file entry-v5.pdb (PDB, C-alpha atoms, pLDDT in the B column)
ATOM      1  CA  MET A  19       3.322 -19.942  -0.920  1.00 77.00           C
ATOM      2  CA  LYS A  20       1.711 -22.566  -3.143  1.00 83.00           C
ATOM      3  CA  VAL A  21      -2.041 -23.094  -3.042  1.00 86.00           C
ATOM      4  CA  ASP A  22      -3.549 -25.799  -5.244  1.00 85.00           C
ATOM      5  CA  GLY A  23      -0.303 -25.851  -7.209  1.00 89.00           C
ATOM      6  CA  GLN A  24      -0.328 -22.094  -7.866  1.00 88.00           C
ATOM      7  CA  HIS A  25       2.397 -19.818  -6.465  1.00 91.00           C
ATOM      8  CA  PHE A  26       1.239 -16.750  -4.517  1.00 89.00           C
ATOM      9  CA  ARG A  27       3.160 -13.866  -3.007  1.00 92.00           C
ATOM     10  CA  THR A  28       1.759 -12.502   0.240  1.00 95.00           C
ATOM     11  CA  ILE A  29       0.993  -9.104  -1.352  1.00 97.00           C
ATOM     12  CA  TRP A  30       0.708  -8.083  -5.011  1.00 97.00           C
ATOM     13  CA  LEU A  31      -1.105  -5.838  -7.469  1.00 97.00           C
ATOM     14  CA  HIS A  32      -4.267  -7.118  -9.102  1.00 97.00           C
ATOM     15  CA  PRO A  33      -3.181  -8.405 -12.524  1.00 95.00           C
ATOM     16  CA  THR A  34      -5.722  -6.315 -14.446  1.00 97.00           C
ATOM     17  CA  ASN A  35      -6.158  -3.288 -12.174  1.00 97.00           C
ATOM     18  CA  GLU A  36      -3.109  -1.557 -10.685  1.00 95.00           C
ATOM     19  CA  ARG A  37      -5.374   0.450  -8.375  1.00 96.00           C
ATOM     20  CA  VAL A  38      -6.098  -2.723  -6.377  1.00 98.00           C
ATOM     21  CA  VAL A  39      -3.607  -4.331  -3.998  1.00 98.00           C
ATOM     22  CA  GLN A  40      -4.301  -7.951  -3.147  1.00 98.00           C
ATOM     23  CA  LEU A  41      -2.998  -9.665  -0.046  1.00 98.00           C
ATOM     24  CA  ILE A  42      -3.368 -12.974   1.720  1.00 97.00           C
ATOM     25  CA  ASP A  43      -5.421 -12.365   4.839  1.00 97.00           C
ATOM     26  CA  GLN A  44      -3.234 -14.031   7.466  1.00 96.00           C
ATOM     27  CA  ARG A  45      -6.025 -14.249  10.042  1.00 96.00           C
ATOM     28  CA  PHE A  46      -7.569 -17.225   8.265  1.00 96.00           C
ATOM     29  CA  LEU A  47      -4.431 -19.302   7.717  1.00 94.00           C
ATOM     30  CA  PRO A  48      -3.919 -22.246   7.791  1.00 92.00           C
ATOM     31  CA  HIS A  49      -7.555 -23.290   7.608  1.00 94.00           C
ATOM     32  CA  ARG A  50      -8.729 -20.998   4.805  1.00 94.00           C
ATOM     33  CA  PHE A  51      -6.996 -19.166   1.995  1.00 95.00           C
ATOM     34  CA  VAL A  52      -8.529 -15.698   1.699  1.00 96.00           C
ATOM     35  CA  VAL A  53      -7.341 -13.015  -0.710  1.00 97.00           C
ATOM     36  CA  GLU A  54      -8.322  -9.514   0.347  1.00 98.00           C
ATOM     37  CA  GLU A  55      -8.578  -6.644  -2.128  1.00 98.00           C
ATOM     38  CA  VAL A  56      -7.429  -3.269  -0.834  1.00 98.00           C
ATOM     39  CA  THR A  57      -8.195  -0.091  -2.773  1.00 98.00           C
ATOM     40  CA  THR A  58      -7.706   2.732  -0.254  1.00 97.00           C
ATOM     41  CA  VAL A  59      -5.099   3.825   2.237  1.00 97.00           C
ATOM     42  CA  GLU A  60      -7.715   3.492   4.989  1.00 97.00           C
ATOM     43  CA  GLN A  61      -8.355  -0.147   4.058  1.00 98.00           C
ATOM     44  CA  MET A  62      -4.607  -0.802   4.138  1.00 98.00           C
ATOM     45  CA  ALA A  63      -4.357   0.895   7.526  1.00 98.00           C
ATOM     46  CA  ASP A  64      -7.139  -1.368   8.805  1.00 98.00           C
ATOM     47  CA  ALA A  65      -5.411  -4.449   7.355  1.00 98.00           C
ATOM     48  CA  ILE A  66      -2.197  -3.544   9.197  1.00 98.00           C
ATOM     49  CA  ARG A  67      -3.936  -2.550  12.444  1.00 97.00           C
ATOM     50  CA  GLN A  68      -6.201  -5.622  12.537  1.00 97.00           C
ATOM     51  CA  MET A  69      -3.340  -7.976  11.648  1.00 96.00           C
ATOM     52  CA  HIS A  70      -4.582  -9.131   8.264  1.00 97.00           C
ATOM     53  CA  VAL A  71      -0.849  -8.921   7.508  1.00 97.00           C
ATOM     54  CA  ARG A  72       1.743 -10.265   9.925  1.00 95.00           C
ATOM     55  CA  GLY A  73       5.505 -10.291  10.100  1.00 95.00           C
ATOM     56  CA  ALA A  74       7.924  -7.413   9.777  1.00 95.00           C
ATOM     57  CA  GLY A  75       8.582  -7.831   6.061  1.00 95.00           C
ATOM     58  CA  LEU A  76       4.933  -8.047   5.079  1.00 96.00           C
ATOM     59  CA  ILE A  77       3.986  -5.132   7.315  1.00 97.00           C
ATOM     60  CA  GLY A  78       6.661  -3.048   5.588  1.00 97.00           C
ATOM     61  CA  ALA A  79       5.537  -4.127   2.124  1.00 97.00           C
ATOM     62  CA  SER A  80       1.941  -3.339   3.062  1.00 98.00           C
ATOM     63  CA  ALA A  81       2.970   0.126   4.231  1.00 98.00           C
ATOM     64  CA  GLY A  82       4.783   0.732   0.938  1.00 98.00           C
ATOM     65  CA  TYR A  83       1.694  -0.253  -1.029  1.00 98.00           C
ATOM     66  CA  GLY A  84      -0.382   1.834   1.374  1.00 98.00           C
ATOM     67  CA  MET A  85       1.672   4.879   0.383  1.00 98.00           C
ATOM     68  CA  TYR A  86       1.103   4.023  -3.269  1.00 97.00           C
ATOM     69  CA  LEU A  87      -2.659   3.909  -2.629  1.00 98.00           C
ATOM     70  CA  ALA A  88      -2.323   7.218  -0.777  1.00 97.00           C
ATOM     71  CA  ALA A  89      -0.597   8.688  -3.836  1.00 95.00           C
ATOM     72  CA  ILE A  90      -3.476   7.519  -6.029  1.00 95.00           C
ATOM     73  CA  GLU A  91      -5.993   9.089  -3.634  1.00 94.00           C
ATOM     74  CA  ALA A  92      -3.971  12.315  -3.379  1.00 91.00           C
ATOM     75  CA  GLY A  93      -3.512  12.579  -7.134  1.00 79.00           C
ATOM     76  CA  PRO A  94      -5.636  14.447  -9.609  1.00 69.00           C
ATOM     77  CA  SER A  95      -9.334  13.682  -9.545  1.00 64.00           C
ATOM     78  CA  ARG A  96     -11.718  13.602 -12.448  1.00 53.00           C
ATOM     79  CA  THR A  97     -12.836  17.102 -11.508  1.00 53.00           C
ATOM     80  CA  GLY A  98      -9.453  18.746 -11.742  1.00 64.00           C
ATOM     81  CA  SER A  99      -5.773  18.876 -10.953  1.00 75.00           C
ATOM     82  CA  ILE A 100      -3.982  19.188  -7.653  1.00 79.00           C
ATOM     83  CA  SER A 101      -0.940  21.221  -6.687  1.00 82.00           C
ATOM     84  CA  ALA A 102       2.304  19.524  -5.711  1.00 82.00           C
ATOM     85  CA  LYS A 103       2.037  21.146  -2.284  1.00 86.00           C
ATOM     86  CA  GLU A 104      -1.447  19.729  -1.688  1.00 89.00           C
ATOM     87  CA  PHE A 105      -0.334  16.308  -2.976  1.00 90.00           C
ATOM     88  CA  ASP A 106       2.581  16.294  -0.514  1.00 90.00           C
ATOM     89  CA  ALA A 107       0.300  17.374   2.354  1.00 92.00           C
ATOM     90  CA  ARG A 108      -2.109  14.527   1.612  1.00 93.00           C
ATOM     91  CA  LEU A 109       0.755  12.037   1.537  1.00 95.00           C
ATOM     92  CA  THR A 110       2.003  13.334   4.877  1.00 95.00           C
ATOM     93  CA  GLU A 111      -1.459  12.767   6.381  1.00 96.00           C
ATOM     94  CA  ALA A 112      -1.585   9.253   4.951  1.00 97.00           C
ATOM     95  CA  ALA A 113       1.903   8.481   6.258  1.00 97.00           C
ATOM     96  CA  GLU A 114       0.866   9.505   9.767  1.00 97.00           C
ATOM     97  CA  ARG A 115      -2.319   7.435   9.526  1.00 97.00           C
ATOM     98  CA  LEU A 116      -0.341   4.358   8.440  1.00 98.00           C
ATOM     99  CA  LYS A 117       2.365   4.853  11.095  1.00 97.00           C
ATOM    100  CA  ALA A 118      -0.303   5.065  13.808  1.00 97.00           C
ATOM    101  CA  THR A 119      -1.498   1.538  12.990  1.00 97.00           C
ATOM    102  CA  ARG A 120       1.574  -0.117  14.532  1.00 95.00           C
ATOM    103  CA  PRO A 121       3.752   2.599  16.114  1.00 91.00           C
ATOM    104  CA  THR A 122       6.566   0.239  17.110  1.00 93.00           C
ATOM    105  CA  ALA A 123       6.830  -1.560  13.753  1.00 93.00           C
ATOM    106  CA  VAL A 124      10.226  -0.546  12.401  1.00 95.00           C
ATOM    107  CA  ASN A 125       9.667  -1.943   8.896  1.00 96.00           C
ATOM    108  CA  LEU A 126       6.394  -0.063   8.602  1.00 97.00           C
ATOM    109  CA  ALA A 127       8.011   3.311   9.324  1.00 96.00           C
ATOM    110  CA  TRP A 128      11.003   2.433   7.135  1.00 97.00           C
ATOM    111  CA  ALA A 129       8.821   1.626   4.113  1.00 97.00           C
ATOM    112  CA  ILE A 130       6.730   4.770   4.531  1.00 97.00           C
ATOM    113  CA  GLU A 131       9.809   6.974   4.774  1.00 97.00           C
ATOM    114  CA  ARG A 132      11.389   5.211   1.805  1.00 97.00           C
ATOM    115  CA  VAL A 133       8.455   6.160  -0.413  1.00 96.00           C
ATOM    116  CA  ARG A 134       8.379   9.697   0.971  1.00 95.00           C
ATOM    117  CA  ALA A 135      12.130  10.148   0.457  1.00 95.00           C
ATOM    118  CA  GLY A 136      11.929   8.837  -3.105  1.00 95.00           C
ATOM    119  CA  LEU A 137       9.195  11.309  -3.924  1.00 92.00           C
ATOM    120  CA  ALA A 138      10.948  14.190  -2.136  1.00 90.00           C
ATOM    121  CA  VAL A 139      14.094  13.719  -4.220  1.00 89.00           C
ATOM    122  CA  ASN A 140      11.997  14.010  -7.374  1.00 80.00           C
ATOM    123  CA  GLN A 141      10.124  17.250  -6.620  1.00 80.00           C
ATOM    124  CA  THR A 142      10.050  18.294 -10.295  1.00 87.00           C
ATOM    125  CA  LEU A 143       7.873  15.351 -11.327  1.00 88.00           C
ATOM    126  CA  ALA A 144       4.230  15.888 -12.218  1.00 87.00           C
ATOM    127  CA  VAL A 145       1.739  14.447  -9.750  1.00 87.00           C
ATOM    128  CA  GLN A 146       0.872  11.481 -11.990  1.00 88.00           C
ATOM    129  CA  GLU A 147       4.574  10.702 -12.332  1.00 91.00           C
ATOM    130  CA  LYS A 148       4.844  10.754  -8.525  1.00 92.00           C
ATOM    131  CA  VAL A 149       2.042   8.192  -8.333  1.00 92.00           C
ATOM    132  CA  GLU A 150       3.951   5.967 -10.771  1.00 94.00           C
ATOM    133  CA  LEU A 151       7.175   6.455  -8.798  1.00 95.00           C
ATOM    134  CA  ALA A 152       5.386   5.529  -5.548  1.00 96.00           C
ATOM    135  CA  LEU A 153       4.348   2.266  -7.190  1.00 96.00           C
ATOM    136  CA  CYS A 154       7.894   1.535  -8.370  1.00 96.00           C
ATOM    137  CA  ILE A 155       9.248   2.123  -4.868  1.00 96.00           C
ATOM    138  CA  ALA A 156       6.510   0.007  -3.260  1.00 96.00           C
ATOM    139  CA  LYS A 157       7.286  -2.915  -5.566  1.00 94.00           C
ATOM    140  CA  GLN A 158      10.982  -2.981  -4.541  1.00 89.00           C
TER     141      GLN A 158
END
call {"tool": "encode", "arguments": {"input": "entry-v5.pdb", "output": "structure tokens"}}
result
Amino acid sequence: MKVDGQHFRTIWLHPTNERVVQLIDQRFLPHRFVVEEVTTVEQMADAIRQMHVRGAGLIGASAGYGMYLAAIEAGPSRTGSISAKEFDARLTEAAERLKATRPTAVNLAWAIERVRAGLAVNQTLAVQEKVELALCIAKQ
């Protein structure tokens, strides 16, 4: 999409902060162009549930980025590390929360399971490496 001569994707990472996902809030189109910043899995779940994002492809992409945000949230905090088992449990909770937003959306479930499968295959990775892998998968 081009707005004032500038090309925009419908969802992307903030150019200076990879912990922020930006998306075009579809509820305002075509009258206003609104970019929403999403920083938590709960915010992404709300964006999907409340139809800030529309269309199968964008819902799937949003779910993939939602899993990336979930990986960030599940990862190590400033106060300490986290076990791989606890990380996986937190991702499972986030996956269920995202799936519940649009239970019949095939692309949503597909994207969530794609991230989960990619992380499951790479069980030997450190938690921070899993966060980076979740981002790589979400971007595809």
call {"tool": "closest_residue", "arguments": {"input": "entry-v5.pdb", "among": "A:Ala74, A:Met62, A:Met69, A:Ile90", "to": "Thr122 in chain A", "atoms": "all atoms listed in the file"}}
result
A:Ala74
call {"tool": "closest_residue", "arguments": {"input": "entry-v5.pdb", "among": "A:Ala112, A:Met85, A:Ala102, A:Ala129", "to": "Gln141 in chain A", "atoms": "all atoms listed in the file"}}
result
A:Ala102
call {"tool": "residues_around", "arguments": {"input": "entry-v5.pdb", "residues": "range 75-84 of chain A", "least_positions_apart": "4", "cutoff": "9 Å", "atoms": "only C-alpha atoms", "output": "number ranges by chain"}}
result
A: 28-31, 39, 41, 56, 58-63, 65-66, 69, 71, 88-89, 112-113, 116-117, 123-133, 152-153, 155-158
call {"tool": "closest_residue", "arguments": {"input": "entry-v5.pdb", "among": "A:Lys148, A:Ile100, A:Leu137, A:Arg67", "to": "Thr119 in chain A", "atoms": "all atoms listed in the file"}}
result
A:Arg67
call {"tool": "axis_aligned_box", "arguments": {"input": "entry-v5.pdb", "around": "range 73-92 of chain A", "padding_each_side": "4 Å", "output": "AutoDock Vina command-line options"}}
result
--center_x 1.3 --center_y 1.0 --center_z 2.0 --size_x 22.6 --size_y 30.6 --size_z 24.1
call {"tool": "atom_distance", "arguments": {"input": "entry-v5.pdb", "atom1": "CA of Glu150 in chain A", "atom2": "CA of Arg108 in chain A"}}
result
16.2 Å
call {"tool": "atom_distance", "arguments": {"input": "entry-v5.pdb", "atom1": "CA of Arg120 in chain A", "atom2": "CA of Asp64 in chain A"}}
result
10.5 Å
call {"tool": "closest_residue", "arguments": {"input": "entry-v5.pdb", "among": "A:Val145, A:Leu87, A:Ala135, A:Val53", "to": "Ser101 in chain A", "atoms": "all atoms listed in the file"}}
result
A:Val145
call {"tool": "closest_residue", "arguments": {"input": "entry-v5.pdb", "among": "A:Thr57, A:Leu109, A:His25, A:Thr142", "to": "Gln40 in chain A", "atoms": "only C-alpha atoms"}}
result
A:Thr57
call {"tool": "atom_distance", "arguments": {"input": "entry-v5.pdb", "atom1": "CA of Arg50 in chain A", "atom2": "CA of Glu36 in chain A"}}
result
25.5 Å
call {"tool": "residues_around", "arguments": {"input": "entry-v5.pdb", "residues": "Glu104 in chain A", "least_positions_apart": "6", "cutoff": "12 Å", "atoms": "all atoms listed in the file", "output": "PDB file with C-alpha atoms, in the frame of the given file"}}
result
ATOM      1  CA  ALA A  89      -0.597   8.688  -3.836  1.00 95.00           C
ATOM      2  CA  GLU A  91      -5.993   9.089  -3.634  1.00 94.00           C
ATOM      3  CA  ALA A  92      -3.971  12.315  -3.379  1.00 91.00           C
ATOM      4  CA  GLY A  93      -3.512  12.579  -7.134  1.00 79.00           C
ATOM      5  CA  PRO A  94      -5.636  14.447  -9.609  1.00 69.00           C
ATOM      6  CA  THR A 110       2.003  13.334   4.877  1.00 95.00           C
ATOM      7  CA  GLU A 111      -1.459  12.767   6.381  1.00 96.00           C
ATOM      8  CA  VAL A 145       1.739  14.447  -9.750  1.00 87.00           C
TER       9      VAL A 145
END
call {"tool": "decode", "arguments": {"input": "entry-v5.pdb", "residues": "range 22-37 of chain A", "atoms": "all heavy atoms", "output": "PDB file, in the first residue's frame"}}
result
ATOM      1  N   ASP A  22       0.844   8.665   0.728  1.00  0.00           N
ATOM      2  CA  ASP A  22       1.654   9.862   0.484  1.00  0.00           C
ATOM      3  C   ASP A  22       2.975   9.507  -0.191  1.00  0.00           C
ATOM      4  O   ASP A  22       4.041  10.025   0.164  1.00  0.00           O
ATOM      5  CB  ASP A  22       1.906  10.622   1.791  1.00  0.00           C
ATOM      6  CG  ASP A  22       0.627  11.189   2.383  1.00  0.00           C
ATOM      7  OD1 ASP A  22      -0.279  11.550   1.605  1.00  0.00           O
ATOM      8  OD2 ASP A  22       0.532  11.273   3.627  1.00  0.00           O
ATOM      9  N   GLY A  23       2.913   8.591  -1.143  1.00  0.00           N
ATOM     10  CA  GLY A  23       4.087   8.202  -1.908  1.00  0.00           C
ATOM     11  C   GLY A  23       5.021   7.216  -1.221  1.00  0.00           C
ATOM     12  O   GLY A  23       6.011   6.801  -1.792  1.00  0.00           O
ATOM     13  N   GLN A  24       4.712   6.838   0.019  1.00  0.00           N
ATOM     14  CA  GLN A  24       5.552   5.899   0.757  1.00  0.00           C
ATOM     15  C   GLN A  24       4.888   4.529   0.789  1.00  0.00           C
ATOM     16  O   GLN A  24       3.701   4.413   1.068  1.00  0.00           O
ATOM     17  CB  GLN A  24       5.790   6.390   2.186  1.00  0.00           C
ATOM     18  CG  GLN A  24       6.712   5.494   2.978  1.00  0.00           C
ATOM     19  CD  GLN A  24       6.957   5.998   4.399  1.00  0.00           C
ATOM     20  OE1 GLN A  24       6.596   7.114   4.748  1.00  0.00           O
ATOM     21  NE2 GLN A  24       7.576   5.173   5.206  1.00  0.00           N
ATOM     22  N   HIS A  25       5.696   3.481   0.510  1.00  0.00           N
ATOM     23  CA  HIS A  25       5.187   2.107   0.520  1.00  0.00           C
ATOM     24  C   HIS A  25       5.104   1.589   1.949  1.00  0.00           C
ATOM     25  O   HIS A  25       6.032   1.768   2.730  1.00  0.00           O
ATOM     26  CB  HIS A  25       6.087   1.193  -0.308  1.00  0.00           C
ATOM     27  CG  HIS A  25       5.667  -0.238  -0.266  1.00  0.00           C
ATOM     28  ND1 HIS A  25       4.600  -0.704  -0.985  1.00  0.00           N
ATOM     29  CD2 HIS A  25       6.140  -1.286   0.428  1.00  0.00           C
ATOM     30  CE1 HIS A  25       4.444  -1.987  -0.744  1.00  0.00           C
ATOM     31  NE2 HIS A  25       5.367  -2.375   0.112  1.00  0.00           N
ATOM     32  N   PHE A  26       3.995   0.942   2.281  1.00  0.00           N
ATOM     33  CA  PHE A  26       3.804   0.319   3.591  1.00  0.00           C
ATOM     34  C   PHE A  26       3.363  -1.124   3.392  1.00  0.00           C
ATOM     35  O   PHE A  26       2.558  -1.417   2.521  1.00  0.00           O
ATOM     36  CB  PHE A  26       2.702   1.035   4.401  1.00  0.00           C
ATOM     37  CG  PHE A  26       3.124   2.341   4.970  1.00  0.00           C
ATOM     38  CD1 PHE A  26       2.963   3.511   4.240  1.00  0.00           C
ATOM     39  CD2 PHE A  26       3.669   2.424   6.240  1.00  0.00           C
ATOM     40  CE1 PHE A  26       3.341   4.736   4.765  1.00  0.00           C
ATOM     41  CE2 PHE A  26       4.051   3.634   6.777  1.00  0.00           C
ATOM     42  CZ  PHE A  26       3.889   4.789   6.036  1.00  0.00           C
ATOM     43  N   ARG A  27       3.886  -2.010   4.232  1.00  0.00           N
ATOM     44  CA  ARG A  27       3.331  -3.353   4.354  1.00  0.00           C
ATOM     45  C   ARG A  27       2.150  -3.232   5.312  1.00  0.00           C
ATOM     46  O   ARG A  27       1.968  -2.196   5.933  1.00  0.00           O
ATOM     47  CB  ARG A  27       4.389  -4.300   4.915  1.00  0.00           C
ATOM     48  CG  ARG A  27       5.599  -4.454   3.982  1.00  0.00           C
ATOM     49  CD  ARG A  27       6.592  -5.416   4.573  1.00  0.00           C
ATOM     50  NE  ARG A  27       5.982  -6.724   4.725  1.00  0.00           N
ATOM     51  CZ  ARG A  27       6.271  -7.776   3.994  1.00  0.00           C
ATOM     52  NH1 ARG A  27       7.179  -7.691   3.064  1.00  0.00           N
ATOM     53  NH2 ARG A  27       5.663  -8.930   4.187  1.00  0.00           N
ATOM     54  N   THR A  28       1.390  -4.276   5.491  1.00  0.00           N
ATOM     55  CA  THR A  28       0.279  -4.201   6.435  1.00  0.00           C
ATOM     56  C   THR A  28       0.729  -4.505   7.859  1.00  0.00           C
ATOM     57  O   THR A  28       0.061  -4.121   8.812  1.00  0.00           O
ATOM     58  CB  THR A  28      -0.848  -5.167   6.036  1.00  0.00           C
ATOM     59  OG1 THR A  28      -0.296  -6.460   5.824  1.00  0.00           O
ATOM     60  CG2 THR A  28      -1.553  -4.687   4.780  1.00  0.00           C
ATOM     61  N   ILE A  29       1.870  -5.188   8.010  1.00  0.00           N
ATOM     62  CA  ILE A  29       2.433  -5.490   9.327  1.00  0.00           C
ATOM     63  C   ILE A  29       3.951  -5.553   9.186  1.00  0.00           C
ATOM     64  O   ILE A  29       4.462  -6.073   8.194  1.00  0.00           O
ATOM     65  CB  ILE A  29       1.844  -6.802   9.909  1.00  0.00           C
ATOM     66  CG1 ILE A  29       2.234  -6.974  11.374  1.00  0.00           C
ATOM     67  CG2 ILE A  29       2.213  -7.994   9.066  1.00  0.00           C
ATOM     68  CD1 ILE A  29       1.433  -8.062  12.101  1.00  0.00           C
ATOM     69  N   TRP A  30       4.663  -5.000  10.180  1.00  0.00           N
ATOM     70  CA  TRP A  30       6.122  -4.951  10.110  1.00  0.00           C
ATOM     71  C   TRP A  30       6.688  -4.666  11.498  1.00  0.00           C
ATOM     72  O   TRP A  30       5.958  -4.263  12.405  1.00  0.00           O
ATOM     73  CB  TRP A  30       6.588  -3.900   9.115  1.00  0.00           C
ATOM     74  CG  TRP A  30       6.263  -2.488   9.510  1.00  0.00           C
ATOM     75  CD1 TRP A  30       7.083  -1.598  10.154  1.00  0.00           C
ATOM     76  CD2 TRP A  30       5.023  -1.781   9.308  1.00  0.00           C
ATOM     77  NE1 TRP A  30       6.438  -0.391  10.362  1.00  0.00           N
ATOM     78  CE2 TRP A  30       5.172  -0.479   9.849  1.00  0.00           C
ATOM     79  CE3 TRP A  30       3.809  -2.121   8.723  1.00  0.00           C
ATOM     80  CZ2 TRP A  30       4.156   0.467   9.826  1.00  0.00           C
ATOM     81  CZ3 TRP A  30       2.799  -1.170   8.706  1.00  0.00           C
ATOM     82  CH2 TRP A  30       2.974   0.105   9.240  1.00  0.00           C
ATOM     83  N   LEU A  31       7.998  -4.861  11.633  1.00  0.00           N
ATOM     84  CA  LEU A  31       8.668  -4.506  12.883  1.00  0.00           C
ATOM     85  C   LEU A  31       9.033  -3.034  12.859  1.00  0.00           C
ATOM     86  O   LEU A  31       9.393  -2.492  11.802  1.00  0.00           O
ATOM     87  CB  LEU A  31       9.952  -5.317  13.062  1.00  0.00           C
ATOM     88  CG  LEU A  31       9.794  -6.770  13.431  1.00  0.00           C
ATOM     89  CD1 LEU A  31      11.165  -7.417  13.589  1.00  0.00           C
ATOM     90  CD2 LEU A  31       8.999  -6.948  14.702  1.00  0.00           C
ATOM     91  N   HIS A  32       8.971  -2.401  14.002  1.00  0.00           N
ATOM     92  CA  HIS A  32       9.404  -1.011  14.126  1.00  0.00           C
ATOM     93  C   HIS A  32      10.863  -0.949  13.672  1.00  0.00           C
ATOM     94  O   HIS A  32      11.671  -1.796  14.062  1.00  0.00           O
ATOM     95  CB  HIS A  32       9.262  -0.562  15.585  1.00  0.00           C
ATOM     96  CG  HIS A  32       9.460   0.899  15.771  1.00  0.00           C
ATOM     97  ND1 HIS A  32      10.702   1.489  15.760  1.00  0.00           N
ATOM     98  CD2 HIS A  32       8.567   1.897  15.975  1.00  0.00           C
ATOM     99  CE1 HIS A  32      10.579   2.773  15.950  1.00  0.00           C
ATOM    100  NE2 HIS A  32       9.280   3.053  16.076  1.00  0.00           N
ATOM    101  N   PRO A  33      11.230   0.033  12.862  1.00  0.00           N
ATOM    102  CA  PRO A  33      12.586   0.052  12.315  1.00  0.00           C
ATOM    103  C   PRO A  33      13.709   0.213  13.347  1.00  0.00           C
ATOM    104  O   PRO A  33      14.838  -0.186  13.086  1.00  0.00           O
ATOM    105  CB  PRO A  33      12.577   1.230  11.340  1.00  0.00           C
ATOM    106  CG  PRO A  33      11.315   1.964  11.573  1.00  0.00           C
ATOM    107  CD  PRO A  33      10.380   1.089  12.336  1.00  0.00           C
ATOM    108  N   THR A  34      13.399   0.757  14.511  1.00  0.00           N
ATOM    109  CA  THR A  34      14.458   0.953  15.509  1.00  0.00           C
ATOM    110  C   THR A  34      14.245   0.154  16.790  1.00  0.00           C
ATOM    111  O   THR A  34      15.052   0.246  17.713  1.00  0.00           O
ATOM    112  CB  THR A  34      14.601   2.448  15.876  1.00  0.00           C
ATOM    113  OG1 THR A  34      13.367   2.901  16.435  1.00  0.00           O
ATOM    114  CG2 THR A  34      14.969   3.281  14.662  1.00  0.00           C
ATOM    115  N   ASN A  35      13.151  -0.620  16.852  1.00  0.00           N
ATOM    116  CA  ASN A  35      12.879  -1.397  18.058  1.00  0.00           C
ATOM    117  C   ASN A  35      12.178  -2.699  17.671  1.00  0.00           C
ATOM    118  O   ASN A  35      10.970  -2.706  17.439  1.00  0.00           O
ATOM    119  CB  ASN A  35      12.019  -0.595  19.038  1.00  0.00           C
ATOM    120  CG  ASN A  35      11.806  -1.309  20.352  1.00  0.00           C
ATOM    121  OD1 ASN A  35      12.164  -2.476  20.522  1.00  0.00           O
ATOM    122  ND2 ASN A  35      11.207  -0.613  21.301  1.00  0.00           N
ATOM    123  N   GLU A  36      12.931  -3.797  17.629  1.00  0.00           N
ATOM    124  CA  GLU A  36      12.363  -5.075  17.208  1.00  0.00           C
ATOM    125  C   GLU A  36      11.405  -5.683  18.221  1.00  0.00           C
ATOM    126  O   GLU A  36      10.857  -6.747  17.990  1.00  0.00           O
ATOM    127  CB  GLU A  36      13.478  -6.072  16.879  1.00  0.00           C
ATOM    128  CG  GLU A  36      14.145  -5.796  15.564  1.00  0.00           C
ATOM    129  CD  GLU A  36      14.943  -6.972  15.057  1.00  0.00           C
ATOM    130  OE1 GLU A  36      15.363  -7.834  15.865  1.00  0.00           O
ATOM    131  OE2 GLU A  36      15.147  -7.035  13.834  1.00  0.00           O
ATOM    132  N   ARG A  37      11.177  -5.024  19.330  1.00  0.00           N
ATOM    133  CA  ARG A  37      10.205  -5.492  20.316  1.00  0.00           C
ATOM    134  C   ARG A  37       8.828  -4.872  20.079  1.00  0.00           C
ATOM    135  O   ARG A  37       7.902  -5.083  20.858  1.00  0.00           O
ATOM    136  CB  ARG A  37      10.697  -5.166  21.729  1.00  0.00           C
ATOM    137  CG  ARG A  37      12.004  -5.886  22.074  1.00  0.00           C
ATOM    138  CD  ARG A  37      12.531  -5.469  23.423  1.00  0.00           C
ATOM    139  NE  ARG A  37      11.742  -6.018  24.506  1.00  0.00           N
ATOM    140  CZ  ARG A  37      11.991  -7.172  25.115  1.00  0.00           C
ATOM    141  NH1 ARG A  37      13.016  -7.899  24.735  1.00  0.00           N
ATOM    142  NH2 ARG A  37      11.231  -7.597  26.103  1.00  0.00           N
TER     143      ARG A  37
END
